[in-house]
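S.K.: First the structure, then my questions, so here it is.
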Amino acid sequence: MVAYLIRRLINAVLTLLVVTLVTFGIFFMVPKLTGSDPALLYIGKTADKVAVEGIREKMGLSDPILVQYGKFLKGIVAGRDYANGPDVQHCDAPCLGYSFKTEQEVTPLLMDDLPVTLSLALGAAILWLIGGVTAGVISALRKGSIPDRAVMFIALAGVSLPIYFTGLLSKQIFVNWLGWLPEGNYVPFLESPSEWFIQMLLPWITLAFLFAATYARLTRANMLETLGEDYIRTARAKGLTERIVIGKHALRSGLTPIVTIFGLDLGALLGGAVLTEAVFNLRGLGYQALQAIRGNDLPVILGVTMIAAFFIVIANLVVDLVYSAIDPRVRLG
Amino acid sequence: MSENLLEVTGLQKHFPITKGLFKRQVGAVRAVDGIDLTVQAGETLGLVGESGCGKSTAGRLFTRILEPTGGKIVFEGQDISHRNMAQLRPLRRDVQMIFQDPYSSLNPRHTIGTIISAPLQIQNIPTPQGLKKAVQELLELVGLNPEHYNRYPHEFSGGQRQRIGIARALALRPKLIIADEPVSALDVSIQAQVVNLLEDLQSEFDLTYVFIAHDLSVVRHISDRVAVMYLGKVMEIANRDDLYKNPRHPYTVALMSAVPVPDPVRRDRAQRNRVLLTGDVPSPINPPSGCRFRTRCWKAQDICATEEPPLVTRLDDPASHLTACHFPVVDDEAVTGRTPAAAPA
Amino acid sequence: MSRPFLEVKDLNVRFETDDGIVQAVTDSSFSLEAGKTLGIVGESGSGKSVTSLALLGLHRTRSNAKVTGEIWLDEQELVSASDADVRGLRGGKMSMIFQDPLSAMHPYFTVGSQIVEAYRVHHPGVNKKVARERAIDMLARVGIPQPARRFNDYAHQFSGGMRQRAMIAMALVNDPKLLIADEPTTALDVTVQAQILDLIRDLQAEFGSAVIMITHDLGVVAELADEVLVMYGGKVIEKGPTIDLFQRPQHPYTWGLLGSMPRLDREVRDRLIPVKGSPPSLINLPSGCAFHPRCPYAGRNGDRSFTEVPVLTGGVHSVACHMPPEERNRLFQEDIAPNL
Ligand SMILES: Nc1ncnc2c1ncn2[C@@H]1O[C@H](COP(=O)(O)OP(=O)(O)OP(=O)(O)O)[C@@H](O)[C@H]1O
Ligand SMILES: Nc1ncnc2c1ncn2[C@@H]1O[C@H](COP(=O)(O)OP(=O)(O)OP(=O)(O)O)[C@@H](O)[C@H]1O
Ligand code: SF4
Ligand code: SF4
Ligand SMILES: [Mg+2]
Ligand SMILES: [Mg+2]
């Protein structure tokens with residue numbers, strides 16, 4: 001088990017390294033190959049030659065690619081210094097460089113946005129996990145009944161309606177027409193937990209609805225498959241009550257695949273839920289990414305990508321570990 | 001004696017077991033671990049043994065679906081052991097395989113017409129009477145309704161699907177057919193239909209069969225010669241009647257005595273004469289030293305652990321009867337009882 | 001008048017499916033005394049498993065299944081009994097072993113804990129430690145080496161034969177009076193099959209349970225059963241004492257089964273004599289005798305074979321066929337027996 005853990009950890013680190021390589025490659029090589037100049041992107045096309053050279057110097061853009069990549073990596077791990085004329089500007093680890101647009105360090109910039117995304121993703125995740133799985137299990141146990149059909153109908157709607165539609169619609173209904181929820185802005189949890197909660201409620205529900213629909217369908221399918229397994233028949237043949245047959249034997253394996261999907265979905269969301277953030281005016285990572293893309297702000301795009309990749313790799317790792325804890329066939333080979 | 005269609009010597013197939021990030025090889029499944037045998041033109045060679053002893057792997061080596069790790073496969077005098085895909089093309093016409101599972105070996109999305117004509121098209125075989133007609137003749141040959149040309153596999157029962165598999169194998173008029181448990185998944189009544197069909201086709205087209213199965217009764221019925229495998233090796237090979245009347249290898253004896261006799265009057269005798277092997281088949285990753293059967297053999301002695309018994313003629317057997325055992329079972333030897341609980345490893 | 005230990009009367013099981021109603025078991029009646037073994041044979045789809053699941057009341061959880069008739073176990077009627085009553089018997093007074101022991105055990109729980117669970121449902125007062133000891137005892141009893149260590153293993157860590165042993169340990173942990181074994185050795189090698197059959201025989205002698213052995217292998221039946229039931233298309237078409245049934249089989253389908261089978265205890269026959277055609281559809285059973293499309297003698301009885309369902313008649317050895325008994329005997333002696 002320890003060996004497995006170490007192996008998985010090394011694997012995760014290697015994966016992250018590859019991600020840095022690929023993202024770095026794409027973001028810094030592509031402009032080179034296409035003939036556009038990152039330095040120009042930084043200060044704008046109208047700048048004079050000297051200023052551009054200064055930038056190039058400061059960013060180390062004239063170094064060989066490998067050296068640049070090395071510095072970039074070092075920045076992430078140990079921080080790095082930028083020569084800004086005679087001054088030396090220090091950027092703490094994990095350093096993701098400076099925004100082309102605001103000249104701020106990327107890391108703190110993104111760290112400011114992270115709580116918003118975290119709040120959104122975690123809150124929604126709890127909702128959809130509980131809602132989707134419960135609906136799916138009930139549906140499976142009452143296959144063909146009216147509740148089953150209702151759940152599946154709603155789920156179908158949930159999967160097929162895009163988030164800007166459900167988001168804008170719910171905003172229209174609950175904020176504008178019914179006035180139950182305030183039109184508003186993100187309030188940090190530490191400032192006022194109740195305000196935070198009220199503000200997040202609609203985004204949570206909207207985002208969770210989308211995922212819950214998928215999860216309900218998935219859970220139902222998994223549970224139905226599990227209920228048809230031989231070992232469920234064995235459990236019944238032993239004389240176990242239906243409650244134990246379902247609650248212990250069927251759920252245990254019926255929900256295992258959900259763990260995988262859940263981990264990956266959550267990991268991906270933590271890198272920013274672009275549409276939801278946009279609809280509800282939440283300034284999270286997704287929103288930041290959108291801004292950065294609009295403004296060709298390469299370091300920020302790179303930063304968001306790195307954070308997203310980081311979460312996905314971590315989620316993957318956690319999923320694998322949880323999975324091996326659940327399924328002895330994985331653990332014991 | 002007729003000519004040898006297929007000759008294998010020292011044939012080996014080791015599947016590597018890899019571990020860790022860098023896929024370091026930490027061992028190998030010795031699925032087939034040095035077998036010597038010949039298949040003569042026109043005969044049926046039965047291949048029996050317990051699950052995992054390497055029967056299917058051997059079959060897939062004979063057809064060169066797998067490439068051997070060691071040893072030699074000679075088909076019609078030509079060494080085909082390490083031929084590449086292109087060089088194997090002519091062989092694919094001459095050697096065909098029939099599989100156990102009539103459900104998974106047919107593509108559910110293709111009509112049986114397409115399935116059966118595929119080998120003809122791949123090999124560019126001219127069909128003067130037209131492709132459809134050729135397929136319909138094949139369907140008729142295996143006892144299916146030629147009208148069912150456009151149906152899909154799921155519309156057929158297990159026995160009928162096995163007939164489709166046979167028709168596909170026959171399409172190229174092969175010389176050798178490797179049948180890997182072709183009747184194991186079928187009910188007895190259907191099994192008998194398919195066995196009869198295979199026999200009819202053999203005499204009609206001068207086919208040679210390697211018939212792989214774990215059912216000793218079916219193998220006895222259909223085979224001219226029989227090879228008994230254990231842990232990747234041939235333990236005994238002989239003409240059918242020699243093997244079933246005078247089994248020499250303790251494993252063959254045990255295997256035969258384990259078959260339930262459908263005669264209730266003789267049940268007590270059958271049970272008394274049964275050799276009950278204890279324990280499980282050892283792992284093919286790490287087979288026992290010397291004789292592989294020794295961990296379950298009631299006749300094992302010290303030499304069995306140190307010296308591997310060669311596959312040769314023993315006692316006063318005919319030259320065609322080969323046994324790999326230091327202490328072959330003599331006629332009328334009392335072999336009752338149970339084997340000791342696992343001999344020292 | 002006292003009933004036999006197990007008595008099944010006019011059992012019918014049907015399933016409603018999208019394709020139509022599957023009449024899986026029709027008017028099946030049989031009985032079994034304590035300590036005896038009943039063999040049920042028949043080809044795939046003939047209703048063997050459905051019958052055994054009906055005995056355990058396992059169709060109750062399927063909304064599309066309908067079971068009618070009577071099942072008397074030890075003077076208690078089960079078809080009309082409450083769910084809770086039947087559940088109390090399952091795994092206790094009657095238990096079952098399945099064909100594929102790997103898929104029949106939960107992959108995420110240890111083998112030991114699954115046996116403990118089976119014991120504790122029927123012995124609610126017993127603490128974990130006692131139950132664990134009982135489970136280890138049972139594992140030892142069915143011949144699993146180092147049972148205390150293997151207790152903590154998962155099914156996938158066992159070999160096929162060991163898994164079936166563990167399954168048997170689980171089925172026997174509550175000393176059942178009726179053990180149903182549904183093709184317990186079909187997935188196993190002959191050498192392992194011999195071990196398992198031997199084990200079942202020993203355990204039956206020790207516990208005195210009644211055993212129902214379901215199989216499609218007439219050899220297994222001949223070795224184990226006191227009585228045999230031959231099923232075709234969901235119906236019992238012949239039943240009788242094992243020796244009688246093997247020596248004087250009465251139904252043309254039983255002849256077909258015997259003729260299809262290559263046998264090690266006979267000289268090699270030139271040809272097997274298969275039953276022609278393929279098994280009937282249970283949604284649309286052939287009229288009259290369900291076997292008539294495959295029966296070489298169907299025409300001999302006027303059109304009765306095509307129109308009238310034959311009922312099981314005769315004494316201890318009974319058969320469902322319109323052919324007059326004398327003619328059946330003559331046919332068997334003259335045409336069939338010499339070719340077997
Ligand atoms: N592709 C493969 N990779 C690794 N191991 C393999 C592979 N194919 C087969 N084996 C192993 O080789 C051994 C022999 O397998 P094979 O399928 O030849 O046995 P078999 O005699 O046909 O058994 P069965 O009666 O179950 O079909 C087994 O231990 C099997 O697990
Ligand atoms: N839940 C179900 N719904 C619909 N049909 C079913 C159901 N269970 C069984 N059947 C049908 O009932 C028939 C009898 O099945 P059963 O499992 O009893 O056959 P069997 O004699 O045990 O065959 P085998 O030898 O293949 O195990 C089959 O045609 C099967 O398709
Ligand atoms: S060589 Fe020895 S161990 Fe092997 S089969 Fe013969 S007697 Fe048994
Ligand atoms: S009733 Fe007629 S069809 Fe049925 S088995 Fe008897 S002879 Fe054959
Ligand atoms: Mg095989
Ligand atoms: Mg069955």
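Please note that chains go A, B, ... in the order of the structure tokens, that every chain numbers its residues from 1, and that ligands are numbered from 1 in the order shown.
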Which residues are near Pro16 (chain B)? Cut-off 10 Å, only C-alpha atoms, ignore same chain within fewer than 5 positions. Put them as a PyMOL selection string.
M.R.: chain B and resi 23-30+285
S.K.: Could the residues of chain A within 8 Å of chain C, counting only C-alpha atoms, be given as a ChimeraX atom specification, please?
M.R.: /A:229-234,236-241,249,252-253,326-329
S.K.: Got time to write the residues from that selection, N, CA and C atoms, as a tab-separated table (two decimals), in the first residue's frame?
M.R.:
```tsv
chain	number	residue	atom	x	y	z
A	229	GLU	N	-26.39	-8.11	-10.30
A	229	GLU	CA	-25.20	-8.94	-10.10
A	229	GLU	C	-25.53	-10.20	-9.30
A	230	ASP	N	-24.74	-11.23	-9.54
A	230	ASP	CA	-24.92	-12.48	-8.81
A	230	ASP	C	-24.77	-12.30	-7.31
A	231	TYR	N	-23.83	-11.43	-6.90
A	231	TYR	CA	-23.59	-11.35	-5.45
A	231	TYR	C	-24.72	-10.67	-4.71
A	232	ILE	N	-25.55	-9.92	-5.43
A	232	ILE	CA	-26.74	-9.36	-4.78
A	232	ILE	C	-27.74	-10.49	-4.55
A	233	ARG	N	-27.85	-11.37	-5.53
A	233	ARG	CA	-28.72	-12.54	-5.37
A	233	ARG	C	-28.23	-13.38	-4.18
A	234	THR	N	-26.89	-13.54	-4.09
A	234	THR	CA	-26.35	-14.29	-2.97
A	234	THR	C	-26.73	-13.63	-1.64
A	236	ARG	N	-29.24	-11.85	-0.94
A	236	ARG	CA	-30.65	-12.13	-0.63
A	236	ARG	C	-30.81	-13.58	-0.21
A	237	ALA	N	-30.08	-14.47	-0.88
A	237	ALA	CA	-30.21	-15.89	-0.57
A	237	ALA	C	-29.74	-16.20	0.84
A	238	LYS	N	-28.90	-15.32	1.40
A	238	LYS	CA	-28.45	-15.53	2.77
A	238	LYS	C	-29.51	-15.16	3.78
A	239	GLY	N	-30.55	-14.48	3.31
A	239	GLY	CA	-31.61	-14.07	4.22
A	239	GLY	C	-31.43	-12.67	4.77
A	240	LEU	N	-30.54	-11.89	4.15
A	240	LEU	CA	-30.36	-10.51	4.62
A	240	LEU	C	-31.61	-9.70	4.31
A	241	THR	N	-31.86	-8.69	5.15
A	241	THR	CA	-33.00	-7.83	4.88
A	241	THR	C	-32.70	-6.97	3.66
A	249	HIS	N	-24.64	-3.96	0.45
A	249	HIS	CA	-24.04	-4.68	-0.67
A	249	HIS	C	-24.16	-3.94	-2.00
A	252	ARG	N	-22.41	-0.16	-2.06
A	252	ARG	CA	-20.96	-0.20	-2.02
A	252	ARG	C	-20.35	-0.29	-3.42
A	253	SER	N	-20.91	-1.17	-4.23
A	253	SER	CA	-20.32	-1.26	-5.57
A	253	SER	C	-21.03	-0.37	-6.57
A	326	ILE	N	-11.41	1.37	-1.62
A	326	ILE	CA	-12.73	0.74	-1.75
A	326	ILE	C	-12.61	-0.65	-2.36
A	327	ASP	N	-11.84	-0.76	-3.42
A	327	ASP	CA	-11.84	-1.99	-4.20
A	327	ASP	C	-10.57	-2.81	-3.97
A	328	PRO	N	-10.69	-3.90	-3.22
A	328	PRO	CA	-9.50	-4.70	-2.90
A	328	PRO	C	-8.84	-5.28	-4.14
A	329	ARG	N	-9.60	-5.41	-5.24
A	329	ARG	CA	-8.99	-5.98	-6.43
A	329	ARG	C	-7.93	-5.05	-6.99
```
S.K.: Which residues form the shell of 9 Å around ligand 5 when you count only C-alpha atoms and all ligand atoms, given as a PyMOL selection string?
M.R.: chain B and resi 51-57+59+100+180-181+212-214
S.K.: Would you mind exporting N, CA, C and O atoms of the selected residues as an mmCIF file, in the first residue's frame?
M.R.:
```
data_model
loop_
_atom_site.group_PDB
_atom_site.id
_atom_site.type_symbol
_atom_site.label_atom_id
_atom_site.label_comp_id
_atom_site.auth_asym_id
_atom_site.auth_seq_id
_atom_site.Cartn_x
_atom_site.Cartn_y
_atom_site.Cartn_z
ATOM 1 N N SER B 51 -7.937 -26.012 -16.908
ATOM 2 C CA SER B 51 -7.945 -24.597 -17.234
ATOM 3 C C SER B 51 -6.588 -23.964 -16.923
ATOM 4 O O SER B 51 -6.012 -24.201 -15.874
ATOM 5 N N GLY B 52 -6.084 -23.182 -17.852
ATOM 6 C CA GLY B 52 -4.837 -22.466 -17.620
ATOM 7 C C GLY B 52 -3.586 -23.261 -17.951
ATOM 8 O O GLY B 52 -2.476 -22.786 -17.754
ATOM 9 N N CYS B 53 -3.733 -24.484 -18.479
ATOM 10 C CA CYS B 53 -2.538 -25.285 -18.737
ATOM 11 C C CYS B 53 -1.866 -24.889 -20.047
ATOM 12 O O CYS B 53 -0.812 -25.406 -20.378
ATOM 13 N N GLY B 54 -2.492 -23.975 -20.797
ATOM 14 C CA GLY B 54 -1.826 -23.487 -22.006
ATOM 15 C C GLY B 54 -2.389 -24.014 -23.307
ATOM 16 O O GLY B 54 -1.771 -23.841 -24.357
ATOM 17 N N LYS B 55 -3.567 -24.624 -23.266
ATOM 18 C CA LYS B 55 -4.145 -25.186 -24.489
ATOM 19 C C LYS B 55 -4.415 -24.106 -25.524
ATOM 20 O O LYS B 55 -4.005 -24.225 -26.675
ATOM 21 N N SER B 56 -5.104 -23.049 -25.087
ATOM 22 C CA SER B 56 -5.450 -22.001 -26.054
ATOM 23 C C SER B 56 -4.199 -21.319 -26.574
ATOM 24 O O SER B 56 -4.108 -20.993 -27.766
ATOM 25 N N THR B 57 -3.247 -21.093 -25.680
ATOM 26 C CA THR B 57 -2.007 -20.451 -26.107
ATOM 27 C C THR B 57 -1.318 -21.315 -27.155
ATOM 28 O O THR B 57 -0.848 -20.810 -28.186
ATOM 29 N N GLY B 59 -2.754 -23.411 -29.183
ATOM 30 C CA GLY B 59 -3.547 -23.295 -30.404
ATOM 31 C C GLY B 59 -3.248 -22.005 -31.147
ATOM 32 O O GLY B 59 -3.127 -21.989 -32.373
ATOM 33 N N GLN B 100 -14.268 -20.872 -28.816
ATOM 34 C CA GLN B 100 -15.233 -21.421 -27.870
ATOM 35 C C GLN B 100 -16.526 -20.634 -27.830
ATOM 36 O O GLN B 100 -17.605 -21.194 -27.882
ATOM 37 N N ASP B 180 -10.764 -24.397 -30.779
ATOM 38 C CA ASP B 180 -10.491 -24.163 -29.354
ATOM 39 C C ASP B 180 -11.791 -24.237 -28.557
ATOM 40 O O ASP B 180 -12.572 -23.313 -28.534
ATOM 41 N N GLU B 181 -12.025 -25.353 -27.915
ATOM 42 C CA GLU B 181 -13.230 -25.595 -27.140
ATOM 43 C C GLU B 181 -14.493 -25.254 -27.935
ATOM 44 O O GLU B 181 -15.338 -24.499 -27.464
ATOM 45 N N ILE B 212 -9.175 -28.733 -29.236
ATOM 46 C CA ILE B 212 -8.835 -28.379 -27.868
ATOM 47 C C ILE B 212 -10.085 -28.456 -27.003
ATOM 48 O O ILE B 212 -11.126 -27.912 -27.376
ATOM 49 N N ALA B 213 -9.999 -29.137 -25.887
ATOM 50 C CA ALA B 213 -11.167 -29.230 -25.010
ATOM 51 C C ALA B 213 -10.726 -29.671 -23.632
ATOM 52 O O ALA B 213 -9.616 -30.166 -23.453
ATOM 53 N N HIS B 214 -11.612 -29.446 -22.653
ATOM 54 C CA HIS B 214 -11.275 -30.000 -21.350
ATOM 55 C C HIS B 214 -12.148 -31.202 -21.037
ATOM 56 O O HIS B 214 -11.978 -31.845 -20.015
#
```
S.K.: Write down as an MDAnalysis selection string the residues of region 32-158 of chain C whose backbone DSSP state falls under strand (DSSP E or B).
M.R.: chainID C and resid 32 37:41 65:73 76:77 90 94:97 110 154
S.K.: Restricting the calculation to only C-alpha atoms and all ligand atoms: of B:Ser104, B:Thr313, B:Gln78, B:Asn286, which residue gets closest to ligand 1?
M.R.: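 Among the listed residues, the smallest separation from ligand 1 belongs to B:Asn286.
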S.K.: Set the distance at 8 Å and use only C-alpha atoms: which residues neighbour Met152 (chain A) once local chain neighbours fewer than 3 positions away are removed? I'd like the list as a list of chain:residue names.
M.R.: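 Residues near the query, excluding close chain neighbours: A:Ser139, A:Asp148, A:Arg149, A:Ala155, A:Leu156, A:Ala216, A:Arg217.
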S.K.: Let me see if you get this right: every residue at most 10 Å from ligand 3, counting only C-alpha atoms and all ligand atoms, written as a PyMOL selection string.
M.R.: chain B and resi 235+248-252+290-310+323-329+343
S.K.: For the residues selected in the previous step, produce a file with N, CA and C atoms as a CSV table (one decimal), in the first residue's frame.
M.R.:
```csv
chain,number,residue,atom,x,y,z
B,235,MET,N,2.3,-33.9,-21.1
B,235,MET,CA,2.6,-35.0,-20.1
B,235,MET,C,2.6,-36.4,-20.8
B,248,ARG,N,-0.6,-43.8,-18.8
B,248,ARG,CA,0.6,-44.0,-18.1
B,248,ARG,C,0.9,-43.0,-17.1
B,249,HIS,N,0.6,-41.8,-17.5
B,249,HIS,CA,1.0,-40.6,-16.6
B,249,HIS,C,0.0,-40.5,-15.5
B,250,PRO,N,0.5,-40.4,-14.2
B,250,PRO,CA,-0.4,-40.3,-13.1
B,250,PRO,C,-1.5,-39.1,-13.3
B,251,TYR,N,-1.1,-38.1,-14.0
B,251,TYR,CA,-2.0,-37.0,-14.2
B,251,TYR,C,-3.1,-37.4,-15.1
B,252,THR,N,-2.8,-38.1,-16.2
B,252,THR,CA,-3.8,-38.7,-17.1
B,252,THR,C,-4.8,-39.6,-16.3
B,290,GLY,N,11.9,-30.0,-11.6
B,290,GLY,CA,11.8,-31.4,-12.0
B,290,GLY,C,10.5,-31.6,-12.7
B,291,CYS,N,9.7,-32.6,-12.3
B,291,CYS,CA,8.4,-32.9,-12.9
B,291,CYS,C,7.4,-31.9,-12.3
B,292,ARG,N,6.6,-31.2,-13.2
B,292,ARG,CA,5.7,-30.2,-12.8
B,292,ARG,C,4.5,-30.7,-12.0
B,293,PHE,N,4.2,-32.0,-12.2
B,293,PHE,CA,3.1,-32.6,-11.6
B,293,PHE,C,3.4,-33.0,-10.1
B,294,ARG,N,4.6,-33.0,-9.7
B,294,ARG,CA,5.0,-33.7,-8.5
B,294,ARG,C,4.3,-33.2,-7.2
B,295,THR,N,3.9,-31.9,-7.2
B,295,THR,CA,3.2,-31.4,-6.0
B,295,THR,C,1.9,-32.0,-5.8
B,296,ARG,N,1.3,-32.6,-6.8
B,296,ARG,CA,0.0,-33.3,-6.6
B,296,ARG,C,0.1,-34.7,-6.9
B,297,CYS,N,1.2,-35.3,-7.1
B,297,CYS,CA,1.4,-36.7,-7.6
B,297,CYS,C,1.5,-37.6,-6.4
B,298,TRP,N,0.8,-38.7,-6.4
B,298,TRP,CA,0.9,-39.7,-5.3
B,298,TRP,C,2.0,-40.6,-5.5
B,299,LYS,N,2.7,-40.6,-6.7
B,299,LYS,CA,3.8,-41.5,-6.9
B,299,LYS,C,5.1,-40.8,-6.8
B,300,ALA,N,5.1,-39.5,-6.5
B,300,ALA,CA,6.3,-38.7,-6.6
B,300,ALA,C,7.4,-39.2,-5.6
B,301,GLN,N,8.7,-39.2,-6.1
B,301,GLN,CA,9.8,-39.6,-5.3
B,301,GLN,C,10.8,-38.5,-5.4
B,302,ASP,N,12.0,-38.7,-4.7
B,302,ASP,CA,12.9,-37.6,-4.7
B,302,ASP,C,13.4,-37.1,-6.1
B,303,ILE,N,13.6,-38.1,-7.0
B,303,ILE,CA,14.1,-37.8,-8.3
B,303,ILE,C,13.2,-36.9,-9.1
B,304,CYS,N,11.9,-37.0,-8.7
B,304,CYS,CA,10.9,-36.2,-9.4
B,304,CYS,C,11.1,-34.7,-9.2
B,305,ALA,N,11.7,-34.3,-8.1
B,305,ALA,CA,11.9,-32.9,-7.8
B,305,ALA,C,13.2,-32.4,-8.5
B,306,THR,N,14.1,-33.3,-8.8
B,306,THR,CA,15.4,-32.8,-9.4
B,306,THR,C,15.5,-33.0,-10.9
B,307,GLU,N,14.9,-34.1,-11.4
B,307,GLU,CA,15.1,-34.4,-12.8
B,307,GLU,C,13.8,-34.4,-13.6
B,308,GLU,N,13.8,-33.6,-14.6
B,308,GLU,CA,12.6,-33.5,-15.4
B,308,GLU,C,12.4,-34.7,-16.3
B,309,PRO,N,11.3,-35.5,-16.1
B,309,PRO,CA,11.2,-36.7,-16.9
B,309,PRO,C,11.0,-36.4,-18.4
B,310,PRO,N,11.7,-36.9,-19.3
B,310,PRO,CA,11.5,-36.7,-20.7
B,310,PRO,C,10.3,-37.3,-21.3
B,323,THR,N,5.3,-40.7,-22.7
B,323,THR,CA,4.9,-40.3,-21.4
B,323,THR,C,6.1,-39.6,-20.7
B,324,ALA,N,5.8,-38.5,-20.1
B,324,ALA,CA,6.8,-37.8,-19.3
B,324,ALA,C,6.7,-38.1,-17.9
B,325,CYS,N,7.1,-39.3,-17.5
B,325,CYS,CA,7.0,-39.6,-16.0
B,325,CYS,C,8.1,-40.7,-15.7
B,326,HIS,N,8.7,-40.5,-14.6
B,326,HIS,CA,9.7,-41.4,-14.1
B,326,HIS,C,9.1,-42.8,-13.7
B,327,PHE,N,7.9,-42.7,-13.2
B,327,PHE,CA,7.3,-43.9,-12.6
B,327,PHE,C,5.9,-44.1,-13.3
B,328,PRO,N,5.9,-44.4,-14.6
B,328,PRO,CA,4.6,-44.5,-15.2
B,328,PRO,C,3.7,-45.6,-14.5
B,329,VAL,N,2.4,-45.4,-14.6
B,329,VAL,CA,1.4,-46.3,-14.1
B,329,VAL,C,1.4,-47.5,-14.9
B,343,ALA,N,2.9,-32.2,-1.7
B,343,ALA,CA,4.3,-32.7,-1.4
B,343,ALA,C,5.2,-31.5,-1.1
```
S.K.: Taking only C-alpha atoms and all ligand atoms into account, report as a list of chain:residue names which residues have an atom no farther than 8 Å from an atom of ligand 4.
M.R.: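 For ligand 4, the residues inside 8 Å are C:His251, C:Pro252, C:Tyr253, C:Gly288, C:Cys289, C:Ala290, C:Phe291, C:His292, C:Pro293, C:Arg294, C:Cys295, C:Pro296, C:Tyr297, C:Ala298, C:Gly299, C:Arg300, C:Asn301, C:Arg304, C:Ser305, C:Phe306, C:Val309, C:Pro310, C:Ala320, C:Cys321, C:His322, C:Met323.
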S.K.: Pull out every residue of chain A that has at least one atom within 10 Å of chain B, counting only C-alpha atoms, and report them as a PDB file with N, CA, C and O atoms, in the first residue's frame.
M.R.:
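As a result, out31.pdb now contains:
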```
ATOM      1  N   ALA A   3       3.972   1.412  -0.964  1.00  0.00           N
ATOM      2  CA  ALA A   3       4.654   1.436  -2.257  1.00  0.00           C
ATOM      3  C   ALA A   3       3.730   2.002  -3.320  1.00  0.00           C
ATOM      4  O   ALA A   3       4.131   2.820  -4.155  1.00  0.00           O
ATOM      5  N   TYR A   4       2.472   1.587  -3.253  1.00  0.00           N
ATOM      6  CA  TYR A   4       1.485   2.060  -4.218  1.00  0.00           C
ATOM      7  C   TYR A   4       1.339   3.573  -4.097  1.00  0.00           C
ATOM      8  O   TYR A   4       1.345   4.298  -5.094  1.00  0.00           O
ATOM      9  N   ARG A   7       4.339   5.324  -5.467  1.00  0.00           N
ATOM     10  CA  ARG A   7       4.320   5.235  -6.917  1.00  0.00           C
ATOM     11  C   ARG A   7       3.335   6.251  -7.500  1.00  0.00           C
ATOM     12  O   ARG A   7       3.629   6.961  -8.451  1.00  0.00           O
ATOM     13  N   ARG A   8       2.174   6.338  -6.892  1.00  0.00           N
ATOM     14  CA  ARG A   8       1.163   7.260  -7.386  1.00  0.00           C
ATOM     15  C   ARG A   8       1.633   8.707  -7.231  1.00  0.00           C
ATOM     16  O   ARG A   8       1.382   9.540  -8.088  1.00  0.00           O
ATOM     17  N   ILE A  10       4.781   9.875  -7.156  1.00  0.00           N
ATOM     18  CA  ILE A  10       5.800  10.153  -8.169  1.00  0.00           C
ATOM     19  C   ILE A  10       5.130  10.381  -9.516  1.00  0.00           C
ATOM     20  O   ILE A  10       5.434  11.329 -10.247  1.00  0.00           O
ATOM     21  N   ASN A  11       4.158   9.547  -9.783  1.00  0.00           N
ATOM     22  CA  ASN A  11       3.399   9.668 -11.008  1.00  0.00           C
ATOM     23  C   ASN A  11       2.764  11.048 -11.131  1.00  0.00           C
ATOM     24  O   ASN A  11       2.819  11.689 -12.180  1.00  0.00           O
TER      25      ASN A  11
END
```
